[in-house]
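The structure file data_6.cif is reproduced below (mmCIF, C-alpha atoms and all ligand atoms).
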data_protein
loop_
_atom_site.label_atom_id
_atom_site.label_comp_id
_atom_site.auth_asym_id
_atom_site.auth_seq_id
_atom_site.Cartn_x
_atom_site.Cartn_y
_atom_site.Cartn_z
CA MET A 3 9.94 3.28 46.32
CA ASN A 4 7.62 0.28 46.16
CA ASN A 5 9.05 -1.20 49.33
CA LYS A 6 7.82 1.80 51.31
CA LEU A 7 4.23 0.93 50.49
CA THR A 8 2.01 -0.83 52.96
CA ALA A 9 0.25 -4.02 51.94
CA PHE A 10 -3.01 -2.09 51.83
CA GLN A 11 -1.54 0.53 49.49
CA ARG A 12 -0.10 -2.18 47.22
CA ARG A 13 -3.51 -3.86 47.04
CA HIS A 14 -5.08 -0.56 46.05
CA LEU A 15 -2.48 0.04 43.33
CA ALA A 16 -3.01 -3.45 41.94
CA ALA A 17 -6.77 -2.89 41.86
CA VAL A 18 -6.34 0.43 40.03
CA LYS A 19 -3.95 -1.14 37.49
CA SER A 20 -6.43 -3.92 36.78
CA LEU A 21 -9.01 -1.37 35.55
CA GLU A 22 -9.44 -0.17 31.97
CA CYS A 23 -7.94 3.18 30.94
CA GLY A 24 -9.91 5.94 32.64
CA VAL A 25 -9.72 8.20 29.57
CA CYS A 26 -10.17 6.08 26.42
CA GLY A 27 -11.44 2.83 27.96
CA ALA A 28 -8.65 0.61 26.55
CA ALA A 29 -8.66 -2.74 28.35
CA GLY A 30 -6.33 -3.17 31.33
CA PRO A 31 -3.91 -3.81 32.82
CA SER A 32 -3.22 -0.08 32.91
CA ASP A 33 -0.43 2.11 34.24
CA ALA A 34 -1.11 3.76 37.60
CA HIS A 35 -0.61 7.53 37.23
CA HIS A 36 -0.28 9.45 40.47
CA ILE A 37 -2.02 12.83 40.43
CA GLU A 38 0.11 13.79 43.45
CA GLN A 39 3.46 12.02 43.70
CA GLY A 40 3.66 9.78 46.73
CA LEU A 41 -0.07 9.87 47.47
CA GLN A 42 -1.12 6.35 46.62
CA PHE A 43 -4.85 7.00 46.77
CA THR A 44 -4.62 9.65 44.04
CA CYS A 45 -3.62 7.11 41.40
CA ILE A 46 -5.69 6.55 38.27
CA PRO A 47 -5.55 3.85 35.56
CA LEU A 48 -4.23 5.00 32.17
CA CYS A 49 -3.16 3.16 29.01
CA LYS A 50 0.37 3.90 27.73
CA ASP A 51 -0.93 6.42 25.18
CA CYS A 52 -3.19 8.40 27.54
CA HIS A 53 -0.38 8.28 30.12
CA GLN A 54 2.91 8.92 28.36
CA GLY A 55 2.03 9.43 24.70
CA SER A 56 3.65 12.67 23.51
CA PHE A 57 0.45 13.70 21.70
CA ASN A 58 -2.31 12.21 23.88
CA GLY A 59 -0.66 11.60 27.24
CA ILE A 60 -1.17 13.46 30.48
CA HIS A 61 2.63 13.91 30.47
CA GLY A 62 2.43 15.20 26.89
CA GLN A 63 0.00 17.44 25.02
CA LYS A 64 -3.14 15.83 26.57
CA ARG A 65 -5.02 15.93 23.27
CA ILE A 66 -7.27 12.95 23.96
CA TRP A 67 -7.95 14.27 27.47
CA ASN A 68 -9.39 17.41 25.90
CA VAL A 69 -11.34 15.50 23.26
CA MET A 70 -12.85 13.17 25.89
CA LYS A 71 -13.33 16.10 28.30
CA LYS A 72 -11.46 14.28 31.08
CA THR A 73 -9.32 15.71 33.84
CA GLU A 74 -7.27 13.96 36.50
CA MET A 75 -10.09 14.72 38.96
CA THR A 76 -12.92 13.32 36.80
CA VAL A 77 -10.87 10.16 36.19
CA LEU A 78 -10.09 9.84 39.90
CA ASN A 79 -13.79 10.23 40.66
CA ASP A 80 -14.68 7.51 38.11
CA THR A 81 -11.91 5.27 39.47
CA ILE A 82 -13.18 5.44 43.04
CA GLU A 83 -16.70 4.72 41.84
CA LYS A 84 -15.52 1.66 39.89
CA LEU A 85 -13.54 0.32 42.84
CA LEU A 86 -16.40 0.75 45.32
CA ARG A 87 -19.06 -0.64 43.01
ZN ZN B 1 -6.22 5.42 27.21
ZN ZN B 2 2.10 9.54 35.27
#
Turn this file's structure into structure tokens for me.
Amino acid sequence: MNNKLTAFQRRHLAAVKSLECGVCGAAGPSDAHHIEQGLQFTCIPLCKDCHQGSFNGIHGQKRIWNVMKKTEMTVLNDTIEKLLR
């Protein structure tokens, strides 16, 4: 999959992964979670727990997302702001 990416897309992914977790603020490097599979500019930085944790993760019960009042869209919005700052 990675070899289909353009250099520009790979640079963007690397920049997103270098950010802190967009939900809990845990220091990077983070996972890049794609809001829409295959759309590289919808990826957001998440720590392992906020990403794949069965209790807290976006792929699990999303508990911390609810506590922190975050959604994929608010985190994407914050991510773009951080990258353009
Ligand atoms: Zn996190
Ligand atoms: Zn994911």
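If one restricts the calculation to only C-alpha atoms and all ligand atoms, the set of residues situated within 7 Å of ligand ZN 1 (chain B) consists of A:Cys23, A:Gly24, A:Val25, A:Cys26, A:Gly27, A:Ala28, A:Leu48, A:Cys49, A:Lys50, A:Asp51, A:Cys52.
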Would you put the residues from that selection into a file with C-alpha atoms, as an mmCIF file, keeping the file's coordinate frame?
data_model
loop_
_atom_site.group_PDB
_atom_site.id
_atom_site.type_symbol
_atom_site.label_atom_id
_atom_site.label_comp_id
_atom_site.auth_asym_id
_atom_site.auth_seq_id
_atom_site.Cartn_x
_atom_site.Cartn_y
_atom_site.Cartn_z
ATOM 1 C CA CYS A 23 -7.940 3.180 30.940
ATOM 2 C CA GLY A 24 -9.910 5.940 32.640
ATOM 3 C CA VAL A 25 -9.720 8.200 29.570
ATOM 4 C CA CYS A 26 -10.170 6.080 26.420
ATOM 5 C CA GLY A 27 -11.440 2.830 27.960
ATOM 6 C CA ALA A 28 -8.650 0.610 26.550
ATOM 7 C CA LEU A 48 -4.230 5.000 32.170
ATOM 8 C CA CYS A 49 -3.160 3.160 29.010
ATOM 9 C CA LYS A 50 0.370 3.900 27.730
ATOM 10 C CA ASP A 51 -0.930 6.420 25.180
ATOM 11 C CA CYS A 52 -3.190 8.400 27.540
#
Write as a PyMOL selection string the residues around ligand ZN 2 (chain B), taking 8 Å as the cut-off and counting all atoms listed in the file. chain A and resi 33-37+53-54+60-61
Save out the residues we just selected, C-alpha atoms, as a PDB file, in the coordinates of the input.
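Here's the written file out.pdb:
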ATOM      1  CA  ASP A  33      -0.430   2.110  34.240  1.00  0.00           C
ATOM      2  CA  ALA A  34      -1.110   3.760  37.600  1.00  0.00           C
ATOM      3  CA  HIS A  35      -0.610   7.530  37.230  1.00  0.00           C
ATOM      4  CA  HIS A  36      -0.280   9.450  40.470  1.00  0.00           C
ATOM      5  CA  ILE A  37      -2.020  12.830  40.430  1.00  0.00           C
ATOM      6  CA  HIS A  53      -0.380   8.280  30.120  1.00  0.00           C
ATOM      7  CA  GLN A  54       2.910   8.920  28.360  1.00  0.00           C
ATOM      8  CA  ILE A  60      -1.170  13.460  30.480  1.00  0.00           C
ATOM      9  CA  HIS A  61       2.630  13.910  30.470  1.00  0.00           C
TER      10      HIS A  61
END
Taking all atoms of range 64-67 of chain A that the file lists, what box with edges along x, y and z, padded by 6 Å per side, do you get, with centre and edge lengths in Å to one decimal, as lines of an AutoDock Vina configuration file?
center_x = -5.5
center_y = 14.4
center_z = 25.4
size_x = 16.8
size_y = 15.0
size_z = 16.2
Report as a short mmCIF file (atom, residue, chain, number, x, y, z; two decimals) with C-alpha atoms, in the coordinates of the input all protein, DNA and RNA residues lying within 12 Å of Ala17 in chain A, evaluated on only C-alpha atoms, omitting residues in the same chain fewer than 5 positions from it.
data_model
loop_
_atom_site.label_atom_id
_atom_site.label_comp_id
_atom_site.auth_asym_id
_atom_site.auth_seq_id
_atom_site.Cartn_x
_atom_site.Cartn_y
_atom_site.Cartn_z
CA PHE A 10 -3.01 -2.09 51.83
CA GLN A 11 -1.54 0.53 49.49
CA ARG A 12 -0.10 -2.18 47.22
CA GLU A 22 -9.44 -0.17 31.97
CA GLY A 30 -6.33 -3.17 31.33
CA PRO A 31 -3.91 -3.81 32.82
CA SER A 32 -3.22 -0.08 32.91
CA ASP A 33 -0.43 2.11 34.24
CA ALA A 34 -1.11 3.76 37.60
CA GLN A 42 -1.12 6.35 46.62
CA PHE A 43 -4.85 7.00 46.77
CA CYS A 45 -3.62 7.11 41.40
CA ILE A 46 -5.69 6.55 38.27
CA PRO A 47 -5.55 3.85 35.56
CA THR A 81 -11.91 5.27 39.47
CA ILE A 82 -13.18 5.44 43.04
CA LYS A 84 -15.52 1.66 39.89
CA LEU A 85 -13.54 0.32 42.84
CA LEU A 86 -16.40 0.75 45.32
#
Rounded to one decimal in Å, what is the spacing between CA of Leu7 in chain A and CA of Gly40 in chain A? 9.6 Å
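Each of A:Thr44, A:Met75, A:Phe57, A:Ile66 was compared to Val18 in chain A using all atoms listed in the file, and A:Thr44 turns out to be the nearest.
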